[in-house]
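Next comes run_17.cif, a file with mmCIF, C-alpha atoms.
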```
data_input
loop_
_atom_site.label_atom_id
_atom_site.label_comp_id
_atom_site.auth_asym_id
_atom_site.auth_seq_id
_atom_site.Cartn_x
_atom_site.Cartn_y
_atom_site.Cartn_z
CA MET A 1 3.58 31.39 14.96
CA LYS A 2 0.21 30.11 13.76
CA GLN A 3 -0.12 26.34 14.09
CA ALA A 4 -0.72 24.46 10.82
CA VAL A 5 -4.20 22.99 10.44
CA PRO A 6 -4.23 19.19 10.00
CA GLU A 7 -5.32 18.03 6.56
CA LYS A 8 -8.53 15.99 6.70
CA TYR A 9 -8.89 14.85 3.09
CA LEU A 10 -6.57 12.08 1.91
CA MET A 11 -6.40 9.74 -1.06
CA PHE A 12 -3.82 7.01 -0.40
CA LEU A 13 -3.16 4.68 -3.32
CA LYS A 14 -2.10 1.45 -1.63
CA THR A 15 0.19 -0.33 -4.07
CA HIS A 16 1.11 -4.00 -3.65
CA LYS A 17 4.02 -5.23 -1.51
CA THR A 18 5.28 -1.74 -0.64
CA ALA A 19 4.60 -1.56 3.13
CA GLY A 20 1.21 -0.04 2.32
CA THR A 21 -0.55 -2.16 4.95
CA SER A 22 1.29 -0.42 7.80
CA LEU A 23 0.53 3.03 6.39
CA MET A 24 -3.09 2.15 5.71
CA ASN A 25 -3.52 0.96 9.29
CA MET A 26 -2.06 4.24 10.56
CA ILE A 27 -4.41 6.22 8.29
CA GLU A 28 -7.48 4.25 9.38
CA ARG A 29 -6.65 4.76 13.06
CA TYR A 30 -6.26 8.48 12.49
CA ALA A 31 -9.55 8.67 10.60
CA GLU A 32 -11.43 6.74 13.30
CA SER A 33 -10.01 8.76 16.17
CA HIS A 34 -10.80 12.06 14.44
CA ASN A 35 -14.30 11.12 13.24
CA LEU A 36 -13.35 11.22 9.58
CA THR A 37 -15.38 9.30 7.02
CA ILE A 38 -13.54 6.49 5.24
CA ALA A 39 -14.76 5.48 1.77
CA LEU A 40 -15.32 1.73 2.13
CA PRO A 41 -15.61 -0.94 -0.59
CA ASN A 42 -19.14 -2.28 -1.17
CA GLY A 43 -18.17 -5.54 -2.86
CA VAL A 44 -17.52 -9.07 -1.62
CA ASN A 45 -14.03 -8.16 -0.40
CA ALA A 46 -14.04 -5.61 2.40
CA ASP A 47 -10.40 -4.68 1.80
CA GLN A 48 -10.43 -3.77 -1.91
CA PHE A 49 -12.42 -1.95 -4.58
CA ASP A 50 -13.05 -4.84 -7.00
CA TYR A 51 -9.34 -5.16 -7.82
CA PRO A 52 -7.99 -5.77 -10.47
CA HIS A 53 -10.76 -3.88 -12.28
CA LYS A 54 -10.38 -0.13 -12.42
CA PHE A 55 -11.98 1.91 -9.67
CA THR A 56 -15.42 3.43 -10.20
CA GLU A 57 -17.50 5.61 -7.89
CA GLU A 58 -20.17 2.91 -7.69
CA LEU A 59 -17.78 0.63 -5.77
CA VAL A 60 -18.03 2.79 -2.62
CA LEU A 61 -20.54 2.35 0.19
CA PRO A 62 -22.86 5.41 0.23
CA LEU A 63 -22.67 8.26 2.72
CA PHE A 64 -25.19 8.41 5.57
CA LYS A 65 -26.25 11.96 4.67
CA PRO A 66 -26.13 13.87 1.35
CA GLU A 67 -24.29 16.78 2.95
CA GLN A 68 -21.46 14.53 4.16
CA ASP A 69 -18.06 14.19 2.48
CA TYR A 70 -15.68 11.28 2.25
CA ASN A 71 -12.47 12.25 4.03
CA VAL A 72 -10.25 9.26 3.33
CA ILE A 73 -9.91 6.51 0.76
CA CYS A 74 -7.09 4.00 1.26
CA HIS A 75 -8.14 0.45 0.31
CA HIS A 76 -6.57 -1.45 -2.59
CA MET A 77 -7.77 -0.30 -5.99
CA ARG A 78 -6.64 -0.03 -9.57
CA PHE A 79 -6.37 3.72 -9.86
CA ASN A 80 -8.77 5.65 -12.08
CA SER A 81 -8.26 9.37 -11.50
CA PHE A 82 -11.50 10.50 -13.16
CA GLU A 83 -13.64 8.28 -10.93
CA VAL A 84 -11.62 8.84 -7.75
CA GLU A 85 -11.90 12.62 -8.09
CA LYS A 86 -15.70 12.34 -8.10
CA ILE A 87 -15.56 11.50 -4.41
CA MET A 88 -12.14 12.91 -3.45
CA PRO A 89 -11.85 16.26 -5.30
CA LYS A 90 -8.25 17.11 -6.08
CA HIS A 91 -8.58 20.74 -5.04
CA LYS A 92 -9.06 19.83 -1.37
CA THR A 93 -7.53 16.34 -1.12
CA LYS A 94 -3.92 15.30 -0.64
CA TYR A 95 -3.00 12.46 -3.00
CA VAL A 96 -0.28 10.11 -1.69
CA THR A 97 1.13 6.75 -2.81
CA ILE A 98 4.19 4.56 -2.20
CA LEU A 99 6.74 2.72 -4.36
CA ARG A 100 9.53 0.22 -3.70
CA GLU A 101 12.92 -0.62 -5.20
CA PRO A 102 12.14 -2.89 -8.20
CA GLY A 103 14.43 -5.78 -7.29
CA ARG A 104 13.10 -6.36 -3.79
CA LEU A 105 9.59 -5.53 -4.96
CA PHE A 106 9.53 -8.25 -7.61
CA GLU A 107 11.18 -10.82 -5.33
CA SER A 108 8.47 -10.09 -2.75
CA ILE A 109 5.68 -10.30 -5.35
CA PHE A 110 7.04 -13.57 -6.74
CA ASP A 111 7.22 -15.16 -3.29
CA TYR A 112 3.94 -13.75 -1.95
CA TYR A 113 1.78 -14.62 -4.98
CA TYR A 114 3.61 -17.75 -6.11
CA GLU A 115 0.74 -20.11 -5.33
CA GLN A 116 -1.80 -18.01 -7.25
CA VAL A 117 0.02 -17.03 -10.42
CA VAL A 118 0.06 -19.89 -12.92
CA PHE A 119 2.97 -18.41 -14.86
CA PHE A 120 5.14 -18.52 -11.73
CA HIS A 121 4.75 -22.31 -11.55
CA LYS A 122 7.14 -22.73 -14.46
CA VAL A 123 9.87 -22.88 -11.79
CA PRO A 124 9.78 -25.06 -8.63
CA THR A 125 10.58 -22.47 -5.93
CA THR A 126 10.76 -18.75 -5.22
CA MET A 127 14.48 -18.78 -4.49
CA PRO A 128 16.63 -16.26 -6.40
CA VAL A 129 18.11 -18.97 -8.63
CA ASP A 130 14.62 -19.95 -9.81
CA ILE A 131 13.45 -16.35 -10.19
CA ASN A 132 16.50 -15.87 -12.40
CA GLU A 133 15.45 -18.87 -14.52
CA TRP A 134 11.85 -17.64 -14.69
CA LEU A 135 12.96 -14.24 -15.97
CA ASP A 136 14.73 -15.99 -18.88
CA MET A 137 11.45 -17.60 -19.96
CA ALA A 138 9.14 -14.69 -19.08
CA PRO A 139 9.19 -12.99 -22.52
CA THR A 140 7.86 -16.21 -24.05
CA LEU A 141 5.15 -16.57 -21.40
CA TYR A 142 3.97 -13.02 -21.99
CA GLY A 143 4.30 -13.32 -25.76
CA TYR A 144 0.70 -14.49 -26.07
CA ALA A 145 -1.66 -12.03 -27.77
CA ASN A 146 -3.89 -12.26 -24.68
CA PRO A 147 -1.89 -13.47 -21.67
CA GLU A 148 -5.04 -13.37 -19.51
CA ASN A 149 -6.27 -16.41 -21.45
CA GLU A 150 -3.30 -18.37 -20.07
CA ASP A 151 -3.26 -16.87 -16.57
CA LYS A 152 -5.96 -14.56 -15.20
CA LEU A 153 -3.44 -13.05 -12.77
CA TRP A 154 -0.78 -12.46 -15.43
CA PHE A 155 -0.44 -8.77 -14.48
CA ILE A 156 1.08 -9.68 -11.10
CA GLY A 157 4.26 -10.81 -12.86
CA LYS A 158 4.79 -7.73 -15.02
CA ASN A 159 5.07 -4.10 -13.88
CA MET A 160 2.53 -4.55 -11.07
CA GLU A 161 2.97 -1.03 -9.68
CA PHE A 162 2.41 0.42 -13.16
CA PHE A 163 -0.76 -1.71 -13.35
CA ASP A 164 -1.92 -0.43 -9.93
CA PHE A 165 -1.74 3.12 -11.29
CA GLY A 166 -4.13 2.11 -14.06
CA PHE A 167 -1.65 1.81 -16.93
CA ASN A 168 -1.01 -1.03 -19.39
CA PRO A 169 1.93 -3.04 -17.98
CA LEU A 170 2.70 -4.55 -21.39
CA ASN A 171 3.27 -1.18 -23.07
CA GLU A 172 6.89 -0.33 -22.33
CA THR A 173 7.60 2.27 -24.98
CA ASP A 174 9.57 5.23 -23.68
CA GLU A 175 6.81 7.59 -24.81
CA TYR A 176 4.06 5.72 -22.93
CA ILE A 177 6.08 5.36 -19.73
CA GLY A 178 7.19 8.98 -19.86
CA ALA A 179 3.62 10.21 -20.30
CA ALA A 180 2.49 7.99 -17.41
CA ILE A 181 5.15 9.42 -15.10
CA LYS A 182 4.10 12.98 -15.99
CA LYS A 183 0.48 12.11 -15.29
CA ILE A 184 1.30 10.56 -11.90
CA GLU A 185 3.44 13.58 -11.03
CA SER A 186 0.53 15.91 -11.79
CA GLN A 187 -1.95 13.84 -9.76
CA PHE A 188 -0.02 12.97 -6.60
CA ASP A 189 1.23 15.42 -3.99
CA LEU A 190 3.66 12.93 -2.50
CA VAL A 191 5.18 9.64 -3.67
CA LEU A 192 6.78 7.76 -0.78
CA ILE A 193 9.54 5.15 -0.99
CA SER A 194 9.06 2.11 1.25
CA ASP A 195 12.81 1.38 1.32
CA TYR A 196 13.07 4.56 3.40
CA PHE A 197 9.98 4.04 5.50
CA LEU A 198 10.80 6.35 8.41
CA GLU A 199 11.76 9.17 6.06
CA SER A 200 8.52 8.52 4.20
CA GLU A 201 6.52 8.82 7.40
CA VAL A 202 8.21 12.11 8.23
CA LEU A 203 7.41 13.56 4.79
CA PHE A 204 3.84 12.28 5.12
CA LYS A 205 3.49 13.99 8.50
CA ASP A 206 4.89 17.20 7.05
CA LEU A 207 2.37 17.11 4.20
CA MET A 208 -0.65 16.28 6.37
CA ASN A 209 0.26 18.36 9.45
CA TRP A 210 -0.65 15.47 11.74
CA GLU A 211 0.90 14.95 15.18
CA TRP A 212 3.83 12.66 15.90
CA LYS A 213 1.66 10.31 17.95
CA ASP A 214 -0.50 9.79 14.86
CA MET A 215 2.50 8.47 12.92
CA ARG A 216 3.14 5.42 15.11
CA THR A 217 3.17 2.16 13.15
CA LEU A 218 3.83 -1.55 13.56
CA LYS A 219 5.23 -3.61 10.71
CA LEU A 220 2.21 -5.51 9.34
CA ASN A 221 1.76 -8.33 6.81
CA SER A 222 5.51 -8.70 6.22
CA ARG A 223 7.10 -12.05 5.46
CA ILE A 224 9.46 -13.78 7.85
CA LYS A 225 11.98 -14.88 5.22
CA VAL A 226 14.73 -17.47 5.14
CA ASN A 227 16.42 -15.73 2.22
CA ASP A 228 16.78 -12.13 3.35
CA GLY A 229 20.21 -11.28 2.01
CA PRO A 230 20.95 -8.81 -0.77
CA LEU A 231 19.80 -9.78 -4.25
CA PRO A 232 22.58 -10.72 -6.66
CA GLU A 233 23.29 -7.67 -8.84
CA GLN A 234 22.78 -9.68 -12.05
CA LEU A 235 19.33 -10.73 -10.85
CA ARG A 236 18.44 -7.17 -9.87
CA LYS A 237 19.35 -5.97 -13.36
CA LYS A 238 17.24 -8.71 -14.98
CA ILE A 239 14.27 -7.80 -12.78
CA ARG A 240 14.60 -4.13 -13.76
CA LYS A 241 14.81 -5.03 -17.45
CA TRP A 242 11.69 -7.22 -17.23
CA ASN A 243 9.82 -4.61 -15.18
CA LYS A 244 10.95 -1.61 -17.24
CA ALA A 245 7.94 0.56 -16.34
CA ASP A 246 8.19 -0.12 -12.60
CA ALA A 247 11.93 0.59 -12.72
CA ALA A 248 11.29 3.89 -14.48
CA LEU A 249 8.66 4.86 -11.90
CA PHE A 250 11.02 4.10 -9.06
CA ASP A 251 14.00 5.90 -10.56
CA HIS A 252 11.99 9.05 -11.22
CA PHE A 253 10.12 9.26 -7.94
CA ASN A 254 13.07 8.12 -5.84
CA ALA A 255 14.90 11.17 -7.19
CA THR A 256 11.97 13.47 -6.37
CA PHE A 257 11.74 11.85 -2.93
CA TRP A 258 15.32 12.75 -2.10
CA ARG A 259 14.84 16.27 -3.41
CA LYS A 260 11.96 16.61 -0.94
CA ILE A 261 14.24 15.36 1.84
CA GLN A 262 16.83 17.96 0.85
CA ASP A 263 14.13 20.63 0.99
CA TYR A 264 13.02 19.32 4.39
CA ASN A 265 16.64 19.58 5.64
CA LEU A 266 18.90 16.56 6.00
CA GLU A 267 19.83 17.19 9.63
CA LYS A 268 16.22 17.81 10.62
CA MET A 269 15.28 14.58 8.82
CA ARG A 270 17.96 12.65 10.72
CA VAL A 271 16.72 13.96 14.06
CA ASP A 272 13.06 13.35 13.21
CA THR A 273 13.57 9.78 11.92
CA GLU A 274 15.48 8.89 15.08
CA ALA A 275 12.67 10.32 17.19
CA LEU A 276 10.05 8.46 15.16
CA LYS A 277 12.01 5.21 15.43
CA ARG A 278 12.01 5.56 19.22
CA LEU A 279 8.31 6.40 19.17
CA ASN A 280 7.53 3.25 17.18
CA GLU A 281 9.67 1.12 19.50
CA GLU A 282 7.85 2.51 22.54
CA PHE A 283 4.52 1.90 20.82
CA GLU A 284 5.42 -1.73 20.19
CA LYS A 285 6.44 -2.20 23.82
CA GLU A 286 3.16 -0.65 24.93
CA CYS A 287 1.03 -2.78 22.60
CA VAL A 288 2.78 -6.10 22.15
CA THR A 289 3.79 -8.89 24.53
CA ALA A 290 5.88 -10.78 21.98
CA ASN A 291 6.27 -11.28 18.25
CA ALA A 292 4.27 -14.23 17.01
CA THR A 293 4.02 -16.33 13.88
CA LEU A 294 0.47 -16.22 12.54
CA ASP A 295 -1.14 -19.61 12.03
CA ASP A 296 -3.11 -20.85 9.00
CA ASP A 297 -6.37 -19.52 10.43
CA ASN A 298 -5.23 -15.91 10.52
CA LEU A 299 -7.24 -13.30 8.68
CA LEU A 300 -4.27 -11.74 6.97
CA TYR A 301 -4.20 -12.33 3.24
CA ASN A 302 -1.91 -15.33 2.88
CA PRO A 303 -2.10 -16.73 -0.69
CA GLY A 304 -1.94 -20.52 -0.61
CA GLN A 305 -1.21 -20.36 3.14
CA HIS A 306 2.45 -21.04 2.31
CA LEU A 307 3.91 -17.92 3.90
CA THR A 308 5.09 -17.25 7.43
CA LEU A 309 3.91 -13.75 8.30
CA LYS A 310 4.97 -11.45 11.10
CA GLY A 311 2.24 -11.04 13.70
CA TYR A 312 1.78 -9.66 17.20
CA SER A 313 0.39 -10.86 20.49
CA LEU A 314 -1.68 -7.95 21.82
CA LYS A 315 -0.97 -6.82 25.38
CA LYS A 316 -4.42 -7.02 27.01
CA ASP A 317 -3.70 -4.55 29.82
CA SER A 318 -2.26 -1.81 27.62
CA LYS A 319 -3.13 1.74 28.67
CA GLN A 320 -3.70 2.44 24.97
CA HIS A 321 -5.90 -0.57 24.26
CA TRP A 322 -8.05 1.15 21.62
CA GLU A 323 -5.01 2.22 19.62
CA CYS A 324 -3.08 -1.00 20.17
CA SER A 325 -5.93 -3.35 19.28
CA ARG A 326 -6.28 -1.62 15.91
CA ALA A 327 -2.55 -1.25 15.27
CA THR A 328 -2.09 -5.03 15.43
CA MET A 329 -4.98 -5.80 13.05
CA GLY A 330 -4.34 -6.98 9.53
CA THR A 331 -5.99 -5.27 6.58
CA LEU A 332 -8.84 -7.77 6.31
CA GLN A 333 -9.69 -7.72 10.02
CA TYR A 334 -9.72 -3.93 10.17
CA SER A 335 -11.67 -3.58 6.92
CA GLU A 336 -14.33 -6.03 8.05
CA LYS A 337 -14.57 -4.27 11.41
CA LEU A 338 -15.14 -0.91 9.71
CA ARG A 339 -17.75 -2.42 7.41
CA ASP A 340 -19.58 -4.07 10.32
CA GLU A 341 -19.69 -0.74 12.14
CA TYR A 342 -20.96 0.95 8.98
CA ASN A 343 -23.75 -1.62 8.58
CA GLU A 344 -24.71 -1.30 12.23
CA LYS A 345 -24.99 2.46 11.87
CA TRP A 346 -27.31 2.02 8.87
CA ARG A 347 -29.50 -0.32 10.92
CA GLN A 348 -29.73 2.28 13.67
CA ILE A 349 -30.69 4.97 11.15
CA GLU A 350 -33.36 2.77 9.58
CA THR A 351 -34.91 1.85 12.92
CA SER A 352 -34.81 5.34 14.45
#
```

Turn this file's structure into structure tokens for me.
Amino acid sequence: MKQAVPEKYLMFLKTHKTAGTSLMNMIERYAESHNLTIALPNGVNADQFDYPHKFTEELVLPLFKPEQDYNVICHHMRFNSFEVEKIMPKHKTKYVTILREPGRLFESIFDYYYEQVVFFHKVPTTMPVDINEWLDMAPTLYGYANPENEDKLWFIGKNMEFFDFGFNPLNETDEYIGAAIKKIESQFDLVLISDYFLESEVLFKDLMNWEWKDMRTLKLNSRIKVNDGPLPEQLRKKIRKWNKADAALFDHFNATFWRKIQDYNLEKMRVDTEALKRLNEEFEKECVTANATLDDDNLLYNPGQHLTLKGYSLKKDSKQHWECSRATMGTLQYSEKLRDEYNEKWRQIETS
């Protein structure tokens, strides 16, 4: 049987608070180790393409040679298919993204961005009882003709995934949402679900024809939470009602996700997720001495420095030091490292 050829062109739309950091880290490690060219942001922030503005081709650092191609793009952006396809042509690129169950997604967004979003300050905490109260007043807050005049980060509190895909989060007509879903379905080869992360990794591997060792991940940039129990069902329903577009996205692509799992074979998926879980556990033992709480000087994005984030103490004598040192990096550290290496290569070209 002929072995499948690994895919080497990938567009990964990294949505917010959906475990995208762990996947992005995995993708960057694969690209580096296989000499693939990553399209890097050229703006002030090394880890995003001028978000929340829509992506344009001009936001990417140029290639070293005209005959080169970009192989991978995976940093935060507000999706713009026309501009993305200029550098990542659809006919040869796999397009992948990830979504999350709307209740947990919004709770995570509210907690993570609380210090930055002015509208969120209408309640004193990010506990479920206060999120519930905030949702009661949200329609009034967003009733302004131009909510950005009241809060420049208003979009974080309303259909943020829908916004990440480039759509208007305030337009919640059935026609608009339905057309958006059809467009996403035509553009993306695979929509993952972070609530089923191992299954998502398996489907990703199947799409890309990468090796199992390339799928190893550590859980990055996740909150260490006091309140980690199930959301009250009434609150979940209110979150879905307020984030109608995000809920519709999730419901549609969660269904397609499980159809893909059925096509993959349920028993094969069970075996493969168990194997991948063991592989990740072994990888953590190889790379990490102990879990650590990151301090206020960490380079992970920590809005307002009010969060306690999961971090890792790197095992210095690991036999896989190259892989481990990168696997424990946050998005900002890794992005700045890649940019520094890019700039150094340009200096070498200019002086040669």

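CA of Thr21 (chain A) sits 6.2 Å away from CA of Leu220 (chain A).
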
- Message: What's around Tyr334 (chain A) at 12 Å? Count all atoms listed in the file, leave out sequence neighbours fewer than 2 positions away in its own chain, and write the answer as number ranges by chain.
- Response: A: 21-22, 24-29, 32, 40, 46-47, 75, 299-300, 325-332, 336-341

- Written as a ChimeraX atom specification, what is the full residue list that the PyMOL selection byres ((chain A and resi 83) around 10) yields on the file shown? /A:54-58,79-82,84-89

For the residues in that selection, give me C-alpha atoms as an mmCIF file, in the frame of the given file.
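This is the output file part_31.cif:
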```cif
data_model
loop_
_atom_site.group_PDB
_atom_site.id
_atom_site.type_symbol
_atom_site.label_atom_id
_atom_site.label_comp_id
_atom_site.auth_asym_id
_atom_site.auth_seq_id
_atom_site.Cartn_x
_atom_site.Cartn_y
_atom_site.Cartn_z
ATOM 1 C CA LYS A 54 -10.380 -0.130 -12.420
ATOM 2 C CA PHE A 55 -11.980 1.910 -9.670
ATOM 3 C CA THR A 56 -15.420 3.430 -10.200
ATOM 4 C CA GLU A 57 -17.500 5.610 -7.890
ATOM 5 C CA GLU A 58 -20.170 2.910 -7.690
ATOM 6 C CA PHE A 79 -6.370 3.720 -9.860
ATOM 7 C CA ASN A 80 -8.770 5.650 -12.080
ATOM 8 C CA SER A 81 -8.260 9.370 -11.500
ATOM 9 C CA PHE A 82 -11.500 10.500 -13.160
ATOM 10 C CA VAL A 84 -11.620 8.840 -7.750
ATOM 11 C CA GLU A 85 -11.900 12.620 -8.090
ATOM 12 C CA LYS A 86 -15.700 12.340 -8.100
ATOM 13 C CA ILE A 87 -15.560 11.500 -4.410
ATOM 14 C CA MET A 88 -12.140 12.910 -3.450
ATOM 15 C CA PRO A 89 -11.850 16.260 -5.300
#
```

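When all atoms listed in the file are used to measure the gap to Ala248 (chain A), the shortest distance among A:Ile177, A:Val129, A:Val5, A:Leu231 belongs to A:Ile177.
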
- Query: Once the PyMOL selection byres ((chain A and resi 287) around 9) has been applied to the shown file, what residues remain in the selection, as a PyMOL selection string?
  - Reply: chain A and resi 282-286+288-289+312-321+323-325+327-328

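In this comparison, which uses all atoms listed in the file, the residue of A:Val202, A:Asn159, A:Phe253, A:Lys237 approaching Val271 (chain A) most closely is A:Val202.
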
- Item | Residue neighbourhood Gly43 (chain A), 9 Å, all atoms listed in the file, exclusion window fewer than 3 positions, as a list in words | Ala46, Gln48, Phe49, Asp50, Leu59, Val60 and Leu61 of chain A

Give me, as a tab-separated table, the closest atom pair and its distance (Å, one decimal) for every residue of region 83-165 of chain A within a cut-off of 12 Å of region 207-219 of chain A, counting all atoms listed in the file, rows sorted by chain and rising number.
```
residue	atom	partner	partner_atom	distance
A:Lys92	CA	A:Met208	CA	12.0
A:Thr93	CA	A:Met208	CA	10.2
A:Lys94	CA	A:Met208	CA	7.8
A:Tyr95	CA	A:Leu207	CA	10.1
A:Val96	CA	A:Leu207	CA	9.5
```
